[in-house]
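final21.cif (mmCIF, C-alpha atoms and all ligand atoms) appears below.
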```
data_query
loop_
_atom_site.group_PDB
_atom_site.id
_atom_site.type_symbol
_atom_site.label_atom_id
_atom_site.label_comp_id
_atom_site.auth_asym_id
_atom_site.auth_seq_id
_atom_site.Cartn_x
_atom_site.Cartn_y
_atom_site.Cartn_z
ATOM 1 C CA MET A 1252 -12.584 -12.842 2.814
ATOM 2 C CA ALA A 1253 -10.742 -10.111 0.853
ATOM 3 C CA PHE A 1254 -8.855 -11.283 -2.207
ATOM 4 C CA THR A 1255 -5.229 -10.308 -1.796
ATOM 5 C CA TYR A 1256 -1.791 -11.892 -1.712
ATOM 6 C CA PHE A 1257 1.865 -10.921 -1.360
ATOM 7 C CA PHE A 1258 3.556 -9.421 -4.445
ATOM 8 C CA ARG A 1259 0.189 -9.379 -6.231
ATOM 9 C CA ASP A 1260 1.310 -6.722 -8.698
ATOM 10 C CA ARG A 1261 5.045 -7.160 -9.056
ATOM 11 C CA GLN A 1262 5.327 -4.813 -12.019
ATOM 12 C CA THR A 1263 3.916 -1.877 -10.051
ATOM 13 C CA LEU A 1264 6.117 -2.724 -7.057
ATOM 14 C CA GLU A 1265 9.151 -2.692 -9.352
ATOM 15 C CA LEU A 1266 8.102 0.680 -10.751
ATOM 16 C CA ILE A 1267 7.657 2.030 -7.209
ATOM 17 C CA ARG A 1268 11.187 0.756 -6.565
ATOM 18 C CA ASP A 1269 12.585 2.387 -9.720
ATOM 19 C CA ILE A 1270 10.614 5.659 -9.824
ATOM 20 C CA VAL A 1271 9.365 6.475 -6.318
ATOM 21 C CA VAL A 1272 12.046 5.080 -4.008
ATOM 22 C CA PRO A 1273 14.898 7.170 -5.519
ATOM 23 C CA LYS A 1274 12.827 10.335 -4.885
ATOM 24 C CA LEU A 1275 12.042 9.348 -1.297
ATOM 25 C CA ARG A 1276 15.567 8.413 -0.287
ATOM 26 C CA SER A 1277 16.615 11.944 0.611
ATOM 27 C CA ARG A 1278 13.561 12.658 2.826
ATOM 28 C CA ARG A 1279 14.036 12.693 6.554
ATOM 29 C CA PHE A 1280 10.624 11.152 7.301
ATOM 30 C CA ILE A 1281 8.498 9.187 4.888
ATOM 31 C CA SER A 1282 4.833 8.416 5.509
ATOM 32 C CA ILE A 1283 3.035 5.972 3.282
ATOM 33 C CA TRP A 1284 -0.694 5.218 3.288
ATOM 34 C CA ASP A 1285 -1.948 1.879 2.003
ATOM 35 C CA ALA A 1286 -5.709 2.460 1.848
ATOM 36 C CA GLY A 1287 -7.843 -0.689 1.599
ATOM 37 C CA CYS A 1288 -5.007 -2.959 2.678
ATOM 38 C CA ALA A 1289 -7.133 -6.028 3.587
ATOM 39 C CA MET A 1290 -5.192 -8.310 5.954
ATOM 40 C CA GLY A 1291 -1.773 -6.942 5.074
ATOM 41 C CA PRO A 1292 -0.047 -8.663 2.141
ATOM 42 C CA GLU A 1293 0.072 -5.428 0.116
ATOM 43 C CA PRO A 1294 1.542 -3.049 2.751
ATOM 44 C CA TYR A 1295 3.977 -5.777 3.780
ATOM 45 C CA SER A 1296 5.049 -6.275 0.136
ATOM 46 C CA VAL A 1297 5.708 -2.515 -0.041
ATOM 47 C CA ALA A 1298 7.673 -2.678 3.231
ATOM 48 C CA ILE A 1299 9.846 -5.514 1.897
ATOM 49 C CA THR A 1300 10.443 -3.588 -1.351
ATOM 50 C CA LEU A 1301 11.601 -0.528 0.623
ATOM 51 C CA ARG A 1302 13.772 -2.616 2.959
ATOM 52 C CA GLU A 1303 15.418 -4.327 -0.023
ATOM 53 C CA ASN A 1304 16.224 -1.004 -1.669
ATOM 54 C CA MET A 1305 16.756 1.458 1.158
ATOM 55 C CA GLY A 1306 18.776 -0.684 3.529
ATOM 56 C CA ALA A 1307 18.562 -1.910 7.105
ATOM 57 C CA MET A 1308 18.039 1.521 8.640
ATOM 58 C CA CYS A 1309 15.115 2.508 6.437
ATOM 59 C CA PHE A 1310 12.378 1.911 9.004
ATOM 60 C CA ARG A 1311 13.850 4.556 11.282
ATOM 61 C CA ASN A 1312 12.372 7.069 8.827
ATOM 62 C CA VAL A 1313 9.529 5.212 7.154
ATOM 63 C CA THR A 1314 6.069 4.410 8.508
ATOM 64 C CA ILE A 1315 3.456 2.563 6.505
ATOM 65 C CA HIS A 1316 -0.070 3.366 7.652
ATOM 66 C CA ALA A 1317 -2.382 0.578 6.529
ATOM 67 C CA THR A 1318 -6.136 1.101 6.705
ATOM 68 C CA ASP A 1319 -9.270 -0.776 5.769
ATOM 69 C CA ILE A 1320 -12.971 -0.577 6.556
ATOM 70 C CA ASP A 1321 -12.482 -4.176 7.734
ATOM 71 C CA GLY A 1322 -15.936 -5.704 7.777
ATOM 72 C CA SER A 1323 -14.433 -8.834 9.385
ATOM 73 C CA ASN A 1324 -13.030 -6.884 12.319
ATOM 74 C CA GLN A 1325 -9.954 -9.149 12.190
ATOM 75 C CA PHE A 1326 -7.404 -7.311 10.065
ATOM 76 C CA LYS A 1327 -5.674 -5.520 12.934
ATOM 77 C CA GLN A 1328 -5.106 -8.782 14.738
ATOM 78 C CA GLU A 1329 -3.948 -10.573 11.575
ATOM 79 C CA ILE A 1330 -1.568 -7.786 10.537
ATOM 80 C CA GLU A 1331 -0.087 -7.479 14.005
ATOM 81 C CA ALA A 1332 0.431 -11.263 14.172
ATOM 82 C CA GLY A 1333 2.177 -11.239 10.757
ATOM 83 C CA LEU A 1334 1.290 -14.890 10.255
ATOM 84 C CA TYR A 1335 0.301 -15.924 6.718
ATOM 85 C CA HIS A 1336 -0.851 -19.116 5.055
ATOM 86 C CA ARG A 1337 1.089 -20.481 2.089
ATOM 87 C CA GLU A 1338 -1.819 -19.616 -0.239
ATOM 88 C CA ARG A 1339 -1.046 -15.885 0.157
ATOM 89 C CA LEU A 1340 2.676 -16.411 -0.508
ATOM 90 C CA HIS A 1341 2.769 -18.161 -3.899
ATOM 91 C CA SER A 1342 4.053 -15.050 -5.740
ATOM 92 C CA VAL A 1343 6.829 -14.177 -3.290
ATOM 93 C CA PRO A 1344 10.258 -14.495 -4.973
ATOM 94 C CA ARG A 1345 12.272 -17.350 -3.418
ATOM 95 C CA GLU A 1346 15.075 -15.169 -2.041
ATOM 96 C CA ILE A 1347 12.504 -12.823 -0.432
ATOM 97 C CA MET A 1348 10.728 -15.843 1.074
ATOM 98 C CA GLU A 1349 13.984 -17.108 2.557
ATOM 99 C CA HIS A 1350 14.978 -13.722 3.909
ATOM 100 C CA TYR A 1351 11.720 -12.370 5.335
ATOM 101 C CA PHE A 1352 9.544 -15.367 6.267
ATOM 102 C CA GLN A 1353 10.139 -18.136 8.731
ATOM 103 C CA THR A 1354 8.364 -21.447 9.026
ATOM 104 C CA THR A 1355 6.266 -22.141 12.122
ATOM 105 C CA ASP A 1356 5.194 -25.242 14.026
ATOM 106 C CA THR A 1357 1.908 -25.115 12.111
ATOM 107 C CA ASP A 1358 2.136 -26.571 8.606
ATOM 108 C CA ASP A 1359 1.822 -24.042 5.778
ATOM 109 C CA TRP A 1360 1.880 -20.954 8.049
ATOM 110 C CA TYR A 1361 4.765 -18.506 7.872
ATOM 111 C CA LEU A 1362 5.776 -15.655 10.153
ATOM 112 C CA ILE A 1363 6.935 -12.385 8.630
ATOM 113 C CA ALA A 1364 10.235 -10.915 9.900
ATOM 114 C CA ASP A 1365 9.923 -8.626 12.898
ATOM 115 C CA GLU A 1366 11.478 -5.564 11.227
ATOM 116 C CA ILE A 1367 8.858 -5.756 8.458
ATOM 117 C CA ARG A 1368 5.970 -6.427 10.862
ATOM 118 C CA LYS A 1369 6.881 -3.384 12.961
ATOM 119 C CA SER A 1370 6.962 -1.057 9.944
ATOM 120 C CA VAL A 1371 3.211 -1.339 9.279
ATOM 121 C CA VAL A 1372 0.627 0.275 11.556
ATOM 122 C CA PHE A 1373 -3.017 -0.673 10.976
ATOM 123 C CA GLN A 1374 -6.153 1.286 11.770
ATOM 124 C CA LYS A 1375 -9.768 0.864 10.746
ATOM 125 C CA HIS A 1376 -10.902 3.588 8.368
ATOM 126 C CA ASP A 1377 -13.744 4.103 5.905
ATOM 127 C CA LEU A 1378 -12.531 5.905 2.765
ATOM 128 C CA LEU A 1379 -16.030 7.183 2.063
ATOM 129 C CA THR A 1380 -15.852 9.467 5.118
ATOM 130 C CA LEU A 1381 -13.449 11.448 2.868
ATOM 131 C CA GLN A 1382 -11.324 12.224 5.940
ATOM 132 C CA PRO A 1383 -7.616 11.513 5.468
ATOM 133 C CA ILE A 1384 -5.978 9.724 8.405
ATOM 134 C CA ARG A 1385 -3.231 12.379 8.453
ATOM 135 C CA LYS A 1386 -1.417 14.831 6.158
ATOM 136 C CA ASN A 1387 1.842 14.958 4.211
ATOM 137 C CA PHE A 1388 2.062 11.488 2.794
ATOM 138 C CA SER A 1389 4.862 10.847 0.320
ATOM 139 C CA LEU A 1390 2.992 7.931 -1.209
ATOM 140 C CA VAL A 1391 -0.637 6.792 -1.162
ATOM 141 C CA ILE A 1392 -1.468 3.329 -2.508
ATOM 142 C CA CYS A 1393 -5.086 2.367 -3.078
ATOM 143 C CA LYS A 1394 -5.476 -0.741 -5.198
ATOM 144 C CA ASN A 1395 -8.487 -2.879 -6.029
ATOM 145 C CA VAL A 1396 -10.726 -0.763 -3.808
ATOM 146 C CA LEU A 1397 -11.923 2.163 -5.936
ATOM 147 C CA LEU A 1398 -13.639 -0.193 -8.374
ATOM 148 C CA HIS A 1399 -16.208 -0.885 -5.633
ATOM 149 C CA PHE A 1400 -17.218 2.791 -5.509
ATOM 150 C CA LYS A 1401 -19.508 4.880 -7.712
ATOM 151 C CA GLU A 1402 -17.735 7.240 -10.148
ATOM 152 C CA SER A 1403 -18.646 10.289 -8.012
ATOM 153 C CA GLU A 1404 -17.243 8.576 -4.887
ATOM 154 C CA ARG A 1405 -14.049 7.629 -6.719
ATOM 155 C CA VAL A 1406 -13.534 11.261 -7.700
ATOM 156 C CA GLU A 1407 -13.981 12.475 -4.123
ATOM 157 C CA VAL A 1408 -11.767 9.752 -2.617
ATOM 158 C CA ILE A 1409 -8.935 10.528 -5.062
ATOM 159 C CA ARG A 1410 -9.409 14.241 -4.363
ATOM 160 C CA MET A 1411 -9.018 13.428 -0.665
ATOM 161 C CA PHE A 1412 -5.796 11.510 -1.425
ATOM 162 C CA HIS A 1413 -4.544 14.555 -3.316
ATOM 163 C CA SER A 1414 -5.260 16.771 -0.285
ATOM 164 C CA CYS A 1415 -3.125 14.641 2.029
ATOM 165 C CA LEU A 1416 -0.131 14.161 -0.298
ATOM 166 C CA GLU A 1417 2.860 16.438 0.020
ATOM 167 C CA ASP A 1418 3.802 18.374 -3.121
ATOM 168 C CA GLY A 1419 5.433 15.927 -5.517
ATOM 169 C CA GLY A 1420 3.988 12.951 -3.588
ATOM 170 C CA TYR A 1421 2.804 9.859 -5.432
ATOM 171 C CA PHE A 1422 -0.581 8.150 -5.826
ATOM 172 C CA VAL A 1423 -0.694 4.534 -7.005
ATOM 173 C CA THR A 1424 -3.723 2.507 -8.057
ATOM 174 C CA GLU A 1425 -4.358 -0.668 -10.072
ATOM 175 C CA HIS A 1426 -3.792 -1.068 -13.826
ATOM 176 C CA THR A 1427 -7.472 -1.041 -14.746
ATOM 177 C CA GLN A 1428 -8.256 2.136 -12.813
ATOM 178 C CA LYS A 1429 -7.897 5.331 -14.818
ATOM 179 C CA MET A 1430 -7.520 8.825 -13.371
ATOM 180 C CA PRO A 1431 -10.935 10.538 -13.661
ATOM 181 C CA GLU A 1432 -10.845 13.286 -16.295
ATOM 182 C CA LYS A 1433 -12.048 15.811 -13.694
ATOM 183 C CA LEU A 1434 -8.874 15.291 -11.639
ATOM 184 C CA SER A 1435 -6.288 15.033 -14.403
ATOM 185 C CA HIS A 1436 -5.098 18.613 -13.735
ATOM 186 C CA LEU A 1437 -4.071 17.581 -10.188
ATOM 187 C CA PHE A 1438 -1.713 14.726 -11.082
ATOM 188 C CA SER A 1439 0.880 13.858 -13.732
ATOM 189 C CA PRO A 1440 1.223 10.236 -14.860
ATOM 190 C CA VAL A 1441 4.835 9.121 -14.360
ATOM 191 C CA THR A 1442 4.865 5.935 -16.454
ATOM 192 C CA SER A 1443 2.769 4.277 -19.133
ATOM 193 C CA ASN A 1444 3.239 0.838 -17.540
ATOM 194 C CA ALA A 1445 1.266 1.357 -14.335
ATOM 195 C CA GLN A 1446 -1.150 3.745 -12.674
ATOM 196 C CA ILE A 1447 1.425 5.831 -10.803
ATOM 197 C CA TYR A 1448 0.752 9.574 -10.556
ATOM 198 C CA GLN A 1449 2.679 12.464 -9.071
ATOM 199 C CA LYS A 1450 0.903 15.348 -7.367
ATOM 200 C CA ARG A 1451 1.383 18.536 -9.359
ATOM 201 C CA ALA A 1452 2.656 21.572 -7.531
ATOM 202 C CA ALA A 1453 -0.190 23.985 -6.707
HETATM 203 C C1 LIG A 1501 -9.716 -6.735 -2.953
HETATM 204 S S1 LIG A 1501 -9.229 -6.009 -1.429
HETATM 205 C C2 LIG A 1501 -7.763 -5.160 -1.947
HETATM 206 C C3 LIG A 1501 -6.589 -5.451 -1.056
HETATM 207 C C4 LIG A 1501 -5.277 -4.892 -1.572
HETATM 208 N N1 LIG A 1501 -5.331 -3.456 -1.720
HETATM 209 C C5 LIG A 1501 -4.885 -5.527 -2.870
HETATM 210 O O1 LIG A 1501 -4.970 -4.894 -3.926
HETATM 211 O O2 LIG A 1501 -4.473 -6.695 -2.860
HETATM 212 C C6 LIG A 1501 -10.395 -4.646 -1.251
HETATM 213 C C7 LIG A 1501 -10.388 -4.060 0.151
HETATM 214 O O3 LIG A 1501 -11.085 -2.813 0.130
HETATM 215 C C8 LIG A 1501 -11.696 -2.663 1.390
HETATM 216 N N2 LIG A 1501 -12.733 -1.618 1.327
HETATM 217 C C9 LIG A 1501 -13.930 -1.665 0.687
HETATM 218 N N3 LIG A 1501 -14.617 -0.531 0.895
HETATM 219 C C10 LIG A 1501 -13.853 0.274 1.670
HETATM 220 C C11 LIG A 1501 -14.023 1.571 2.242
HETATM 221 N N4 LIG A 1501 -15.147 2.290 2.040
HETATM 222 N N5 LIG A 1501 -13.018 2.083 2.991
HETATM 223 C C12 LIG A 1501 -11.884 1.358 3.201
HETATM 224 N N6 LIG A 1501 -11.668 0.121 2.700
HETATM 225 C C13 LIG A 1501 -12.639 -0.430 1.946
HETATM 226 C C14 LIG A 1501 -12.246 -4.070 1.653
HETATM 227 O O4 LIG A 1501 -12.548 -4.258 3.030
HETATM 228 C C15 LIG A 1501 -11.107 -4.956 1.166
HETATM 229 O O5 LIG A 1501 -10.232 -5.320 2.191
#
```
Re-express the file's structure as structure tokens.
Ligand SMILES: C[S@@+](CC[C@H](N)C(=O)[O-])C[C@H]1O[C@@H](n2cnc3c(N)ncnc32)[C@H](O)[C@@H]1O
Amino acid sequence: MAFTYFFRDRQTLELIRDIVVPKLRSRRFISIWDAGCAMGPEPYSVAITLRENMGAMCFRNVTIHATDIDGSNQFKQEIEAGLYHRERLHSVPREIMEHYFQTTDTDDWYLIADEIRKSVVFQKHDLLTLQPIRKNFSLVICKNVLLHFKESERVEVIRMFHSCLEDGGYFVTEHTQKMPEKLSHLFSPVTSNAQIYQKRAA
């Protein structure tokens, strides 16, 4: 079972809120790719962060594409159900819990709010095919996945992310993942507190 939980990396979510969201606000359509999303806590945490900061209408313009190789063949079903056990919710701030999750008849299982559930679309996808699922993303998030790849694969996967970001789009990865030297000319780091990079204009 993939290790993941809601609001796993709150600091990076807050930096996405403070640095990325203000830049996205003015766009008519915003596509986000969460690559290696496991059973959904990460893309749903991003969706809640956007909803909290962009208002009730935000999902008219925003789609979060969540993908995973999904060896279990269960992620689509789990993400579409939006039903999560308490053990994946321990880091959710109380007011977020009250607003976006409802209790169910089954002890310790919570249902995510409909507006959040509908904002995330899952598809199976293997990053090592090096084929992006579409073009013109404003934001690509790939956390705790690249560490499983060889250095040469990491370079090619990040190069693929670069190819499907719009100019000025953002790439986010985990704290311990550094941008490979070979690709540093393609991205500018936007903060020293997280691995958030902006695509450089060609
Ligand atoms: C530890 S989970 C990370 C989940 C989430 N991104 C997070 O940080 O909480 C790693 C995920 O990477 C996925 N993964 C591994 N290899 C992959 C590949 N080649 N293509 C797509 N996903 C892959 C696994 O199936 C797993 O769900």
message: Please list as a VMD selection string every residue within 10 Å of Ile1299 (chain A), counting only C-alpha atoms and excluding residues in the same chain fewer than 6 positions away.
response: chain A and resid 1258 1293 1305 1347 1350 to 1351 1364 1366 to 1368 1370
- Might you spell out which residues the PyMOL selection byres (((chain A and resi 1445) around 9) and not hetatm) would select in the displayed file, as a VMD selection string? chain A and resid 1262 to 1263 1266 1423 to 1426 1440 to 1444 1446 to 1447
#### Entry: Answer key for the PyMOL selection byres (((chain A and resi 1311) around 10) and not hetatm), residues as number ranges by chain
A: 1279-1281, 1307-1310, 1312-1314, 1370
**Request:** Kindly indicate which residue among A:Arg1261, A:Arg1337, A:Lys1375, A:Lys1386 lies nearest to ligand LIG 1501 (chain A), using all atoms listed in the file for the distances.
**Result:**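 For ligand LIG 1501 (chain A), the nearest of the given residues is A:Lys1375.
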May I ask you to write as number ranges by chain all residues lying at most 7 Å from ligand LIG 1501 (chain A), with only C-alpha atoms and all ligand atoms counted?
A: 1253-1256, 1259, 1286-1290, 1292-1293, 1318-1322, 1376-1379, 1393-1396, 1399
- Item | Nearest to Ser1414 (chain A) by atom-to-atom distance, counting only C-alpha atoms, from A:Ala1298, A:Leu1381, A:Ala1317, A:Val1272 |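 Under the stated criterion, the closest residue is A:Leu1381.
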Quick one: 5 Å padding each side, axis-aligned, all listed atoms of region 1282-1293 of chain A - centre and edge lengths in Å to one decimal, as JSON?
```
{"center_x": -1.5, "center_y": -0.1, "center_z": 3.0, "size_x": 22.7, "size_y": 27.1, "size_z": 15.8}
```
For the point (-2.7, 17.7, -4.2) in the file's frame, write as a PyMOL selection string all residues with an atom no more than 10 Å away, counting only C-alpha atoms.
chain A and resi 1387+1409-1422+1434+1436-1438+1449-1453
(message) Could you check the closest approach to Ala1332 (chain A) for each of A:Arg1345, A:Gly1306, A:Trp1360, A:Gln1382 and tell me which residue wins, using all atoms listed in the file?
(response)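 Checking each candidate against Ala1332 (chain A), we get A:Trp1360 as the closest.
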task = List the residues sitting within 6 Å of (0.8, 8.6, 5.2) in the file's frame, using all atoms listed in the file, as number ranges by chain.
result = A: 1282-1284, 1316, 1388
Counting only C-alpha atoms, closest pick from A:Arg1339, A:Lys1401, A:Lys1327, A:Lys1429 relative to Gln1374 (chain A) is A:Lys1327
_Nearest-residue call for Ile1330 (chain A), choices A:Leu1390, A:Leu1301, A:Val1271, A:Val1372, using only C-alpha atoms_ =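 Counting only C-alpha atoms, the residue closest to Ile1330 (chain A) is A:Val1372.
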**Message:** Counting all atoms listed in the file, which residue out of A:Pro1431, A:Arg1278, A:Glu1331, A:Tyr1448 sits closest to Val1371 (chain A)?
**Reply:**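 Closest to Val1371 (chain A), using all atoms listed in the file: A:Glu1331.
We find CA of Ile1315 (chain A) and CA of Asp1285 (chain A) to be spaced 7.1 Å apart.
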**Message:** For the provided coordinates, the residues matched by the PyMOL selection byres (((chain A and resi 1336) around 9) and not hetatm) should be stated as number ranges by chain.
**Reply:** A: 1334-1335, 1337-1340, 1358-1361
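Note that the spacing between CA of Ile1270 (chain A) and CA of Ser1342 (chain A) amounts to 22.1 Å.
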Figure out the distance between CA of Asp1260 (chain A) and CA of Arg1276 (chain A), please, to one decimal in Å.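 Interatomic distance, CA of Arg1276 (chain A) to CA of Asp1260 (chain A): 22.4 Å.
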